[in-house]
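What's in input05.txt: compact mmCIF, C-alpha atoms
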```
# COMPACT_ATOMS: atom_id res chain seq x y z
CA MET A 1 -15.77 12.89 10.59
CA SER A 2 -13.61 11.18 7.98
CA LEU A 3 -15.44 9.18 5.35
CA THR A 4 -14.31 5.60 4.76
CA PHE A 5 -13.62 4.23 1.28
CA HIS A 6 -13.32 0.59 0.23
CA TRP A 7 -12.37 -0.79 -3.18
CA PHE A 8 -13.32 -4.09 -4.86
CA LEU A 9 -11.40 -7.24 -5.80
CA PRO A 10 -12.82 -8.61 -9.10
CA THR A 11 -12.61 -12.32 -8.37
CA ASN A 12 -14.90 -12.86 -11.37
CA GLY A 13 -12.26 -11.40 -13.71
CA ASP A 14 -11.46 -7.90 -14.86
CA SER A 15 -11.46 -6.02 -18.14
CA ARG A 16 -11.48 -2.66 -19.89
CA HIS A 17 -15.12 -3.55 -20.50
CA VAL A 18 -17.83 -4.25 -17.92
CA VAL A 19 -17.70 -7.79 -16.58
CA GLY A 20 -21.36 -8.74 -16.33
CA GLY A 21 -23.08 -11.50 -14.41
CA GLY A 22 -24.01 -12.09 -10.79
CA HIS A 23 -27.34 -12.74 -9.05
CA GLY A 24 -27.69 -16.10 -10.69
CA THR A 25 -26.33 -15.07 -14.10
CA PRO A 26 -22.87 -16.19 -15.30
CA ALA A 27 -19.93 -13.83 -15.73
CA THR A 28 -19.67 -12.45 -19.26
CA ALA A 29 -16.81 -13.31 -21.60
CA SER A 30 -15.01 -10.05 -20.73
CA GLY A 31 -14.15 -11.61 -17.37
CA ARG A 32 -11.49 -13.65 -19.15
CA ASP A 33 -9.58 -10.53 -20.28
CA ARG A 34 -7.74 -10.34 -16.96
CA PRO A 35 -8.15 -13.59 -15.02
CA PRO A 36 -8.48 -13.19 -11.23
CA THR A 37 -5.07 -14.56 -10.35
CA VAL A 38 -3.61 -13.95 -6.91
CA ALA A 39 -0.87 -11.88 -8.56
CA TYR A 40 -3.31 -9.56 -10.34
CA LEU A 41 -5.68 -9.23 -7.38
CA SER A 42 -2.69 -8.47 -5.16
CA GLN A 43 -1.68 -5.73 -7.56
CA ILE A 44 -5.12 -4.13 -7.19
CA ALA A 45 -5.03 -4.60 -3.41
CA ARG A 46 -1.62 -2.96 -3.05
CA ALA A 47 -2.75 -0.01 -5.17
CA ALA A 48 -5.89 0.42 -3.05
CA GLU A 49 -3.84 0.20 0.12
CA ASP A 50 -1.39 2.89 -1.01
CA LEU A 51 -4.12 5.22 -2.27
CA GLY A 52 -5.94 5.25 1.06
CA PHE A 53 -8.77 2.74 0.75
CA VAL A 54 -9.47 1.03 4.07
CA GLY A 55 -10.70 -2.28 2.71
CA ALA A 56 -11.69 -4.23 -0.38
CA LEU A 57 -14.95 -6.10 -0.97
CA THR A 58 -14.70 -9.60 -2.39
CA PRO A 59 -17.97 -11.01 -3.82
CA THR A 60 -19.56 -14.41 -3.35
CA GLY A 61 -21.46 -16.71 -5.69
CA ALA A 62 -21.06 -19.26 -8.43
CA TRP A 63 -19.77 -16.62 -10.86
CA CYS A 64 -16.53 -15.86 -8.96
CA GLU A 65 -13.69 -17.38 -6.97
CA ASP A 66 -14.21 -18.27 -3.31
CA ALA A 67 -13.83 -15.13 -1.19
CA TRP A 68 -12.35 -16.72 1.96
CA LEU A 69 -9.56 -18.55 0.15
CA THR A 70 -8.75 -15.72 -2.23
CA THR A 71 -8.50 -13.01 0.41
CA ALA A 72 -6.44 -15.25 2.70
CA MET A 73 -3.86 -15.51 -0.08
CA VAL A 74 -4.00 -11.86 -1.15
CA SER A 75 -3.66 -10.73 2.47
CA GLN A 76 -0.13 -12.11 2.52
CA ASN A 77 0.85 -9.61 -0.18
CA THR A 78 -0.53 -6.55 1.62
CA GLU A 79 0.13 -4.86 4.95
CA ARG A 80 -2.82 -2.70 6.01
CA LEU A 81 -5.76 -3.32 3.67
CA LYS A 82 -8.78 -5.00 5.24
CA PHE A 83 -10.87 -7.56 3.38
CA LEU A 84 -14.66 -7.29 3.29
CA VAL A 85 -15.34 -10.98 2.71
CA ALA A 86 -18.81 -11.74 1.35
CA PHE A 87 -20.18 -15.11 2.40
CA ARG A 88 -23.48 -16.91 2.67
CA PRO A 89 -24.35 -18.21 6.13
CA GLY A 90 -26.32 -21.14 4.75
CA PHE A 91 -23.17 -22.73 3.34
CA VAL A 92 -21.12 -23.09 6.54
CA SER A 93 -21.89 -23.84 10.18
CA PRO A 94 -21.96 -20.81 12.49
CA THR A 95 -19.37 -22.30 14.84
CA LEU A 96 -16.98 -23.00 11.97
CA ALA A 97 -17.55 -19.53 10.52
CA ALA A 98 -16.80 -17.95 13.90
CA GLN A 99 -13.62 -20.03 14.11
CA MET A 100 -12.59 -19.12 10.55
CA ALA A 101 -13.06 -15.43 11.32
CA SER A 102 -11.00 -15.75 14.48
CA THR A 103 -8.19 -17.47 12.57
CA PHE A 104 -8.30 -14.85 9.82
CA GLN A 105 -7.94 -12.07 12.39
CA ARG A 106 -4.89 -13.65 13.99
CA GLN A 107 -3.15 -14.46 10.72
CA THR A 108 -3.73 -11.02 9.16
CA GLY A 109 -3.40 -8.74 12.16
CA GLY A 110 -7.12 -8.03 12.44
CA ARG A 111 -7.92 -7.26 8.80
CA LEU A 112 -11.24 -9.08 8.35
CA LEU A 113 -14.63 -7.48 7.76
CA LEU A 114 -17.63 -9.70 7.02
CA ASN A 115 -20.31 -9.03 4.41
CA VAL A 116 -23.19 -11.38 5.21
CA VAL A 117 -25.12 -12.27 2.04
CA THR A 118 -28.32 -14.17 2.72
CA GLY A 119 -28.79 -15.09 -0.94
CA GLY A 120 -31.62 -13.83 -3.15
CA GLU A 121 -31.67 -16.52 -5.83
CA SER A 122 -33.24 -19.84 -4.85
CA HIS A 123 -31.99 -21.68 -7.94
CA GLU A 124 -28.38 -20.75 -7.13
CA GLN A 125 -28.86 -21.63 -3.44
CA ARG A 126 -30.17 -25.06 -4.42
CA ALA A 127 -27.03 -25.70 -6.43
CA TYR A 128 -25.17 -25.46 -3.12
CA GLY A 129 -27.63 -27.74 -1.34
CA ASP A 130 -29.73 -25.01 0.28
CA PHE A 131 -33.48 -25.52 -0.27
CA LEU A 132 -34.97 -22.92 2.08
CA ASP A 133 -37.14 -20.18 0.66
CA LYS A 134 -36.07 -16.54 0.86
CA ASP A 135 -37.78 -15.58 4.14
CA ASP A 136 -36.52 -18.73 5.84
CA ARG A 137 -33.01 -17.92 4.62
CA TYR A 138 -33.23 -14.57 6.38
CA ARG A 139 -34.54 -16.19 9.57
CA ARG A 140 -31.62 -18.61 9.44
CA THR A 141 -29.25 -15.67 8.99
CA GLY A 142 -30.62 -14.18 12.21
CA GLU A 143 -30.00 -17.43 14.10
CA PHE A 144 -26.54 -17.68 12.52
CA LEU A 145 -25.54 -14.19 13.66
CA GLU A 146 -26.99 -14.79 17.12
CA ILE A 147 -24.72 -17.82 17.54
CA VAL A 148 -21.64 -16.18 16.03
CA ARG A 149 -22.02 -13.01 18.11
CA GLN A 150 -22.24 -15.04 21.32
CA LEU A 151 -19.22 -17.15 20.37
CA TRP A 152 -17.18 -14.02 19.68
CA ASP A 153 -18.20 -12.76 23.12
CA GLY A 154 -16.55 -15.84 24.62
CA LYS A 155 -19.79 -17.54 25.59
CA THR A 156 -20.63 -21.22 25.45
CA VAL A 157 -23.67 -21.47 23.19
CA ASP A 158 -26.59 -23.86 23.29
CA LEU A 159 -29.25 -22.86 20.78
CA ALA A 160 -32.05 -24.85 19.19
CA GLY A 161 -33.55 -22.60 16.56
CA GLU A 162 -35.94 -23.10 13.72
CA HIS A 163 -33.10 -23.75 11.28
CA LEU A 164 -29.87 -24.04 13.28
CA ARG A 165 -28.91 -26.02 16.35
CA VAL A 166 -25.65 -26.07 18.30
CA GLU A 167 -24.76 -27.63 21.64
CA ASP A 168 -21.86 -26.69 23.90
CA ALA A 169 -20.36 -24.51 21.14
CA LYS A 170 -17.38 -22.36 22.11
CA LEU A 171 -14.17 -20.97 20.66
CA ALA A 172 -10.75 -21.88 22.01
CA ARG A 173 -9.39 -18.50 20.85
CA LEU A 174 -11.44 -15.34 20.34
CA PRO A 175 -11.00 -12.94 17.42
CA ASP A 176 -9.18 -9.72 18.21
CA PRO A 177 -10.69 -7.44 17.16
CA VAL A 178 -14.16 -8.86 16.62
CA PRO A 179 -14.91 -8.46 12.87
CA GLU A 180 -17.50 -5.88 11.97
CA VAL A 181 -20.55 -7.26 10.16
CA TYR A 182 -21.82 -5.60 6.97
CA PHE A 183 -25.21 -6.51 5.54
CA GLY A 184 -27.69 -5.36 2.89
CA GLY A 185 -31.29 -6.16 2.06
CA SER A 186 -34.41 -4.28 1.04
CA SER A 187 -37.18 -6.63 2.19
CA PRO A 188 -38.97 -6.15 5.54
CA ILE A 189 -37.37 -9.22 7.11
CA ALA A 190 -33.91 -8.05 5.95
CA GLY A 191 -34.47 -4.81 7.83
CA GLU A 192 -35.34 -6.72 10.99
CA ILE A 193 -32.13 -8.77 10.82
CA ALA A 194 -30.01 -5.69 10.13
CA ALA A 195 -31.49 -3.82 13.08
CA LYS A 196 -30.69 -6.63 15.51
CA TYR A 197 -27.27 -7.87 14.45
CA VAL A 198 -25.18 -5.84 12.01
CA ASP A 199 -22.71 -2.99 12.37
CA VAL A 200 -22.97 -1.45 8.89
CA TYR A 201 -26.05 -1.49 6.66
CA LEU A 202 -25.17 -1.39 2.94
CA THR A 203 -27.38 -0.17 0.12
CA TRP A 204 -26.77 -0.25 -3.60
CA GLY A 205 -26.38 3.07 -5.38
CA GLU A 206 -29.93 4.31 -5.71
CA PRO A 207 -30.69 8.04 -6.15
CA PRO A 208 -30.27 10.07 -2.94
CA ALA A 209 -33.97 10.36 -2.19
CA GLN A 210 -34.38 6.58 -2.20
CA VAL A 211 -31.22 6.12 -0.14
CA ALA A 212 -32.56 8.61 2.42
CA GLU A 213 -35.75 6.57 2.75
CA LYS A 214 -33.74 3.39 3.38
CA ILE A 215 -31.59 5.05 6.00
CA ALA A 216 -34.64 6.38 7.84
CA TRP A 217 -36.27 2.93 7.71
CA ILE A 218 -33.26 1.08 9.13
CA ARG A 219 -32.53 3.76 11.73
CA GLY A 220 -36.08 3.44 13.00
CA LEU A 221 -35.85 -0.34 13.27
CA ALA A 222 -32.45 -0.18 14.97
CA ALA A 223 -33.70 2.39 17.48
CA LYS A 224 -36.43 -0.05 18.56
CA GLU A 225 -33.64 -2.55 19.30
CA GLY A 226 -31.67 0.06 21.23
CA ARG A 227 -28.92 0.03 18.61
CA THR A 228 -27.20 2.53 16.30
CA LEU A 229 -25.86 1.41 12.90
CA ARG A 230 -23.51 2.96 10.37
CA PHE A 231 -24.49 3.17 6.71
CA GLY A 232 -22.58 2.41 3.52
CA ILE A 233 -23.25 2.50 -0.21
CA ARG A 234 -22.02 0.30 -3.07
CA LEU A 235 -21.24 2.13 -6.32
CA HIS A 236 -19.06 1.99 -9.41
CA VAL A 237 -17.08 5.09 -10.40
CA ILE A 238 -15.94 6.65 -13.68
CA THR A 239 -14.03 9.79 -12.78
CA ARG A 240 -11.79 11.84 -15.07
CA ASP A 241 -10.17 15.27 -15.27
CA THR A 242 -13.22 16.62 -17.11
CA SER A 243 -16.88 15.68 -17.20
CA ALA A 244 -16.70 15.18 -20.97
CA GLU A 245 -13.91 12.62 -20.61
CA ALA A 246 -15.83 10.70 -17.96
CA TRP A 247 -19.03 10.52 -20.00
CA ALA A 248 -17.04 9.51 -23.07
CA GLU A 249 -15.73 6.56 -21.07
CA ALA A 250 -19.25 5.66 -19.91
CA ASN A 251 -20.45 5.74 -23.50
CA ARG A 252 -17.51 3.58 -24.57
CA LEU A 253 -18.52 0.97 -22.00
CA LEU A 254 -22.14 1.19 -23.13
CA GLU A 255 -21.15 0.62 -26.76
CA GLY A 256 -19.55 -2.64 -25.65
CA PHE A 257 -22.90 -4.08 -24.52
CA ASP A 258 -24.21 -6.18 -27.37
CA ALA A 259 -27.99 -6.49 -27.57
CA ALA A 260 -28.02 -10.26 -27.06
CA THR A 261 -26.02 -10.03 -23.83
CA VAL A 262 -28.24 -7.27 -22.44
CA LYS A 263 -31.37 -9.26 -23.28
CA SER A 264 -30.01 -12.44 -21.72
CA VAL A 265 -28.79 -10.78 -18.52
CA GLN A 266 -31.98 -8.76 -18.09
CA ALA A 267 -34.09 -11.88 -18.52
CA GLY A 268 -32.04 -13.65 -15.86
CA LEU A 269 -32.17 -10.74 -13.43
CA ALA A 270 -35.92 -10.32 -13.92
CA ARG A 271 -36.34 -13.70 -12.22
CA SER A 272 -34.42 -12.54 -9.16
CA GLU A 273 -36.13 -12.85 -5.79
CA SER A 274 -33.99 -10.02 -4.43
CA GLU A 275 -36.02 -6.88 -3.74
CA GLY A 276 -32.82 -4.84 -4.00
CA GLN A 277 -32.15 -6.30 -7.44
CA GLN A 278 -35.63 -5.42 -8.60
CA ARG A 279 -35.08 -1.86 -7.39
CA MET A 280 -31.89 -1.76 -9.46
CA LEU A 281 -33.73 -2.99 -12.56
CA ALA A 282 -36.43 -0.37 -12.12
CA LEU A 283 -33.84 2.40 -12.43
CA HIS A 284 -33.22 1.70 -16.13
CA GLY A 285 -36.03 -0.67 -17.20
CA GLY A 286 -33.64 -2.52 -19.52
CA SER A 287 -33.38 0.51 -21.81
CA ARG A 288 -30.26 2.30 -23.01
CA ASP A 289 -32.12 5.62 -22.88
CA GLY A 290 -32.29 7.95 -19.89
CA LEU A 291 -29.50 6.22 -18.00
CA GLU A 292 -28.46 9.32 -16.01
CA ILE A 293 -31.03 8.77 -13.26
CA HIS A 294 -29.70 11.56 -11.02
CA PRO A 295 -26.98 14.12 -11.75
CA ASN A 296 -23.76 12.12 -12.29
CA LEU A 297 -25.49 8.83 -11.36
CA TRP A 298 -25.49 6.44 -14.34
CA GLY A 299 -27.52 3.22 -14.49
CA GLY A 300 -25.73 1.66 -17.46
CA ILE A 301 -23.73 -0.93 -15.51
CA GLY A 302 -26.97 -2.62 -14.45
CA LEU A 303 -27.82 -3.52 -18.05
CA VAL A 304 -25.29 -6.37 -17.96
CA ARG A 305 -24.39 -6.81 -14.29
CA GLY A 306 -26.40 -8.06 -11.34
CA GLY A 307 -26.14 -6.42 -7.95
CA ALA A 308 -24.60 -2.96 -7.90
CA GLY A 309 -25.69 -1.44 -11.21
CA THR A 310 -25.00 2.28 -10.94
CA ALA A 311 -21.88 4.42 -11.31
CA LEU A 312 -20.88 7.92 -10.32
CA VAL A 313 -19.75 9.55 -13.59
CA GLY A 314 -18.15 12.94 -13.93
CA SER A 315 -15.15 15.13 -13.29
CA HIS A 316 -13.25 14.63 -10.06
CA GLU A 317 -15.00 17.69 -8.63
CA GLU A 318 -18.45 16.42 -9.64
CA VAL A 319 -17.87 12.95 -8.20
CA ALA A 320 -16.61 14.50 -4.95
CA GLU A 321 -19.79 16.59 -4.75
CA ARG A 322 -22.03 13.55 -5.25
CA ILE A 323 -20.13 11.72 -2.51
CA LYS A 324 -20.73 14.64 -0.17
CA GLU A 325 -24.40 14.59 -1.16
CA TYR A 326 -24.69 10.96 -0.01
CA ALA A 327 -22.62 11.71 3.10
CA ALA A 328 -25.07 14.44 4.05
CA LEU A 329 -27.79 11.77 4.17
CA GLY A 330 -25.77 9.68 6.66
CA ILE A 331 -23.62 7.51 4.40
CA GLU A 332 -20.21 7.07 6.06
CA GLU A 333 -18.68 4.23 4.02
CA PHE A 334 -18.36 3.96 0.25
CA VAL A 335 -17.64 0.58 -1.40
CA LEU A 336 -16.46 1.44 -4.91
CA SER A 337 -15.25 -0.25 -8.08
CA GLY A 338 -14.53 0.53 -11.72
CA TYR A 339 -13.38 -1.08 -14.97
CA PRO A 340 -10.60 -2.00 -15.03
CA HIS A 341 -10.18 -2.04 -11.28
CA LEU A 342 -6.47 -1.33 -11.23
CA GLU A 343 -6.55 1.79 -13.38
CA GLU A 344 -9.84 3.11 -11.99
CA ALA A 345 -8.50 2.86 -8.43
CA TYR A 346 -5.82 5.36 -9.43
CA TRP A 347 -8.27 7.67 -11.20
CA PHE A 348 -10.37 7.88 -8.04
CA GLY A 349 -7.53 7.72 -5.53
CA GLU A 350 -5.46 10.43 -7.21
CA GLY A 351 -8.34 12.51 -8.55
CA VAL A 352 -11.18 12.49 -6.00
CA LEU A 353 -9.65 11.61 -2.64
CA PRO A 354 -7.25 14.60 -2.60
CA ARG A 355 -10.18 16.92 -3.16
CA LEU A 356 -12.14 15.35 -0.32
CA ALA A 357 -9.05 15.61 1.89
CA ALA A 358 -8.65 19.30 1.05
CA GLN A 359 -12.27 19.85 2.11
CA GLY A 360 -11.74 18.06 5.42
CA VAL A 361 -14.09 15.11 4.87
CA TRP A 362 -11.46 12.42 4.29
CA GLN A 363 -8.05 11.54 5.71
CA HIS A 364 -5.61 8.91 4.53
CA PRO A 365 -5.81 6.08 7.10
CA VAL A 366 -2.06 5.87 7.74
CA GLY A 367 -1.98 9.31 9.35
CA GLU A 368 -1.61 13.03 9.05
CA GLN A 369 1.61 13.05 7.02
CA ARG A 370 0.22 10.92 4.18
CA ALA A 371 -3.10 12.76 4.28
CA SER A 372 -1.37 16.11 3.91
CA ALA A 373 0.50 14.88 0.86
CA ALA A 374 -2.80 13.70 -0.65
CA GLN A 375 -4.25 17.20 -0.47
CA VAL A 376 -2.32 18.30 -3.57
CA PRO A 377 -4.91 17.86 -6.36
CA PHE A 378 -4.04 15.37 -9.08
CA ALA A 379 -3.41 17.16 -12.36
CA GLY A 380 -2.82 14.19 -14.64
```

Kindly return the structure encoded in the file as structure tokens.
Amino acid sequence: MSLTFHWFLPTNGDSRHVVGGGHGTPATASGRDRPPTVAYLSQIARAAEDLGFVGALTPTGAWCEDAWLTTAMVSQNTERLKFLVAFRPGFVSPTLAAQMASTFQRQTGGRLLLNVVTGGESHEQRAYGDFLDKDDRYRRTGEFLEIVRQLWDGKTVDLAGEHLRVEDAKLARLPDPVPEVYFGGSSPIAGEIAAKYVDVYLTWGEPPAQVAEKIAWIRGLAAKEGRTLRFGIRLHVITRDTSAEAWAEANRLLEGFDAATVKSVQAGLARSESEGQQRMLALHGGSRDGLEIHPNLWGGIGLVRGGAGTALVGSHEEVAERIKEYAALGIEEFVLSGYPHLEEAYWFGEGVLPRLAAQGVWQHPVGEQRASAAQVPFAG
């Protein structure tokens, strides 16, 4: 088995400092250090493509650029990289979304992956005209995916659900291949939706024991539906030639968090309706102390950033070992990021991936020849 690695396109801006925000909180001022222009994002995407990442996640929300439009433009400056486009099903009709996905596949040569984000913040959802409560949003997501899946199968769909209704819906041209659906959620109803409709269940970077519990939970629900899912994890990375260098970089980032920003972001995130976000907050409790919550797993990012709030920190060998630890639990896909995203892609791609290739758990996606070249450990 070869593990799959994805990178991240910072459409909320990039910096040598952590760009905070998300989950209903605005991006921090550091996001203006490197604006998310198509030229800069394309630079990151091309680096990820060359290094061996399969895809790149693009976030969704009021704090960042639109994921569909941005990735459509960046795709024209890349050849192989796939785009894990995050979108919220309450903001677009299922028939239109199915059509958009089909168009994206044709225009990019089949390079679309979909990250369905139900939306955990009611106040942000209302800003977009969505006034359903959280559980109803998840039920709508289920109806949305039911319609989209049938359309992609070439069926004519008539469905009158609790929240969505379509009549005589069909696609003139089907997507080839059908995009894989990624999805995350920690509430009971999120698990039900994942078990029925998605291909890859994503979790944020909790300690291995908690991740193992989530995997067992979702596997059990999927088995009842007669389905088998893959599992992925969303993490930041700080990897260097030595452990001391990596932790020095983590401490440098931490020193850049002023107390007022931490207090403001933590207050905003405390109001989050997302169970996954509350699990992230519980890992650090808003404190700068005790942030290494598992060997090489650092919770500092979550002090100023919503969503994924943990990072793998250590030498290239240590980070590779932690990745294998998660893989042993059943994690097959890793969605990674780091500040700044261009430079950190190279640290990971030239430092960690060759070591994983040498141990037979990763192969460069373009084939044996490139993978063999990657097995020479990075010494810089």

Shell of 7 Å around Phe8 in chain A, all atoms listed in the file, local chain residues under 2 positions omitted, as a PyMOL selection string: chain A and resi 6+10+56-58+336-337

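The neighbours of Leu342 in chain A here are the residues that come within 12 Å of it, using all atoms listed in the file and leaving out any residue fewer than 4 positions away in the same chain; they are Trp7, Phe8, Leu9, Pro10, Gly13, Asp14, Ser15, Arg16, Arg34, Tyr40, Leu41, Ser42, Gln43, Ile44, Ala45, Arg46, Ala47, Ala48, Glu49, Leu51, Ser337, Gly338, Tyr346, Trp347, Phe348 and Gly349 of chain A.
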
Applying 8 Å and only C-alpha atoms, which residues near Ile218 in chain A remain after dropping the ones on its own chain fewer than 2 positions away? List them as a PyMOL selection string. chain A and resi 191+194-195+214-216+220-222

So that I can check the surroundings of range 276-282 of chain A, please list as a PyMOL selection string every protein, DNA and RNA residue that reaches within 10 Å of it, counting only C-alpha atoms and ignoring chain neighbours fewer than 2 positions away. chain A and resi 23+120+184-187+203-206+210+266+269-274+284-287+299+302-303+306-310

Using all atoms listed in the file, find the one residue out of A:Val335, A:Ala357, A:Val352, A:Met100 that sits nearest to Glu321 in chain A. A:Val352

Quick one: residues within 10 Å of range 96-98 of chain A, all atoms listed in the file, excluding same-chain residues fewer than 3 positions away - as JSON, numbers by chain? {"A": [87, 89, 91, 92, 93, 101, 102, 103, 104, 144, 145, 147, 148, 149, 150, 151, 152, 169, 170, 171, 174, 175, 178, 179]}

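Nearest-residue note for Glu180 in chain A: choosing from A:Ala244, A:Ala27, A:Val85, A:Ile293, the minimum distance belongs to A:Val85, counting all atoms listed in the file.
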
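Using only C-alpha atoms, the shortest contact distance between Tyr182 in chain A and any of A:Glu292, A:Asp258, A:Glu333, A:Glu79 is found at A:Glu333.
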
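Reported to one decimal place, the separation of CA of Trp63 in chain A from CA of Arg139 in chain A is 25.2 Å.
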
Using CA of Gly90 in chain A and CA of Asp130 in chain A as the two end points, give the distance in Å to one decimal. 6.8 Å

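Distance-wise, CA of Ala160 in chain A and CA of Glu143 in chain A end up 9.2 Å apart.
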
The residues within 12 Å of (-18.7, 15.2, 3.1), using only C-alpha atoms and the coordinates of the file, should be reported as a ChimeraX atom specification; which are they? /A:1-4,319-334,353,355-363

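A distance cut-off of 6 Å around (-23.6, -11.2, 10.7), counting all atoms listed in the file, selects these protein and nucleic acid residues: Val116, Leu145, Val181 and Val198 of chain A.
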
Just the selected residues (C-alpha atoms), exported as a PDB file, keeping the file's coordinate frame, please.
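Once everything was written out, this is part.pdb:
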```
ATOM      1  CA  VAL A 116     -23.190 -11.380   5.210  1.00  0.00           C
ATOM      2  CA  LEU A 145     -25.540 -14.190  13.660  1.00  0.00           C
ATOM      3  CA  VAL A 181     -20.550  -7.260  10.160  1.00  0.00           C
ATOM      4  CA  VAL A 198     -25.180  -5.840  12.010  1.00  0.00           C
TER       5      VAL A 198
END
```

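Of the residues listed (A:Thr25, A:Gly129, A:Val19, A:Thr156), A:Thr25 shows the shortest atom-to-atom separation from Lys263 in chain A; distances use only C-alpha atoms.
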
Rank nothing, just name the residue among A:Pro94, A:Glu225, A:Phe183, A:Arg88 nearest to Leu164 in chain A, using all atoms listed in the file. A:Pro94

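If all atoms listed in the file are the atoms counted, then among A:Pro365, A:Pro35, A:Pro340, A:Gly351 the closest residue to His17 in chain A is A:Pro340.
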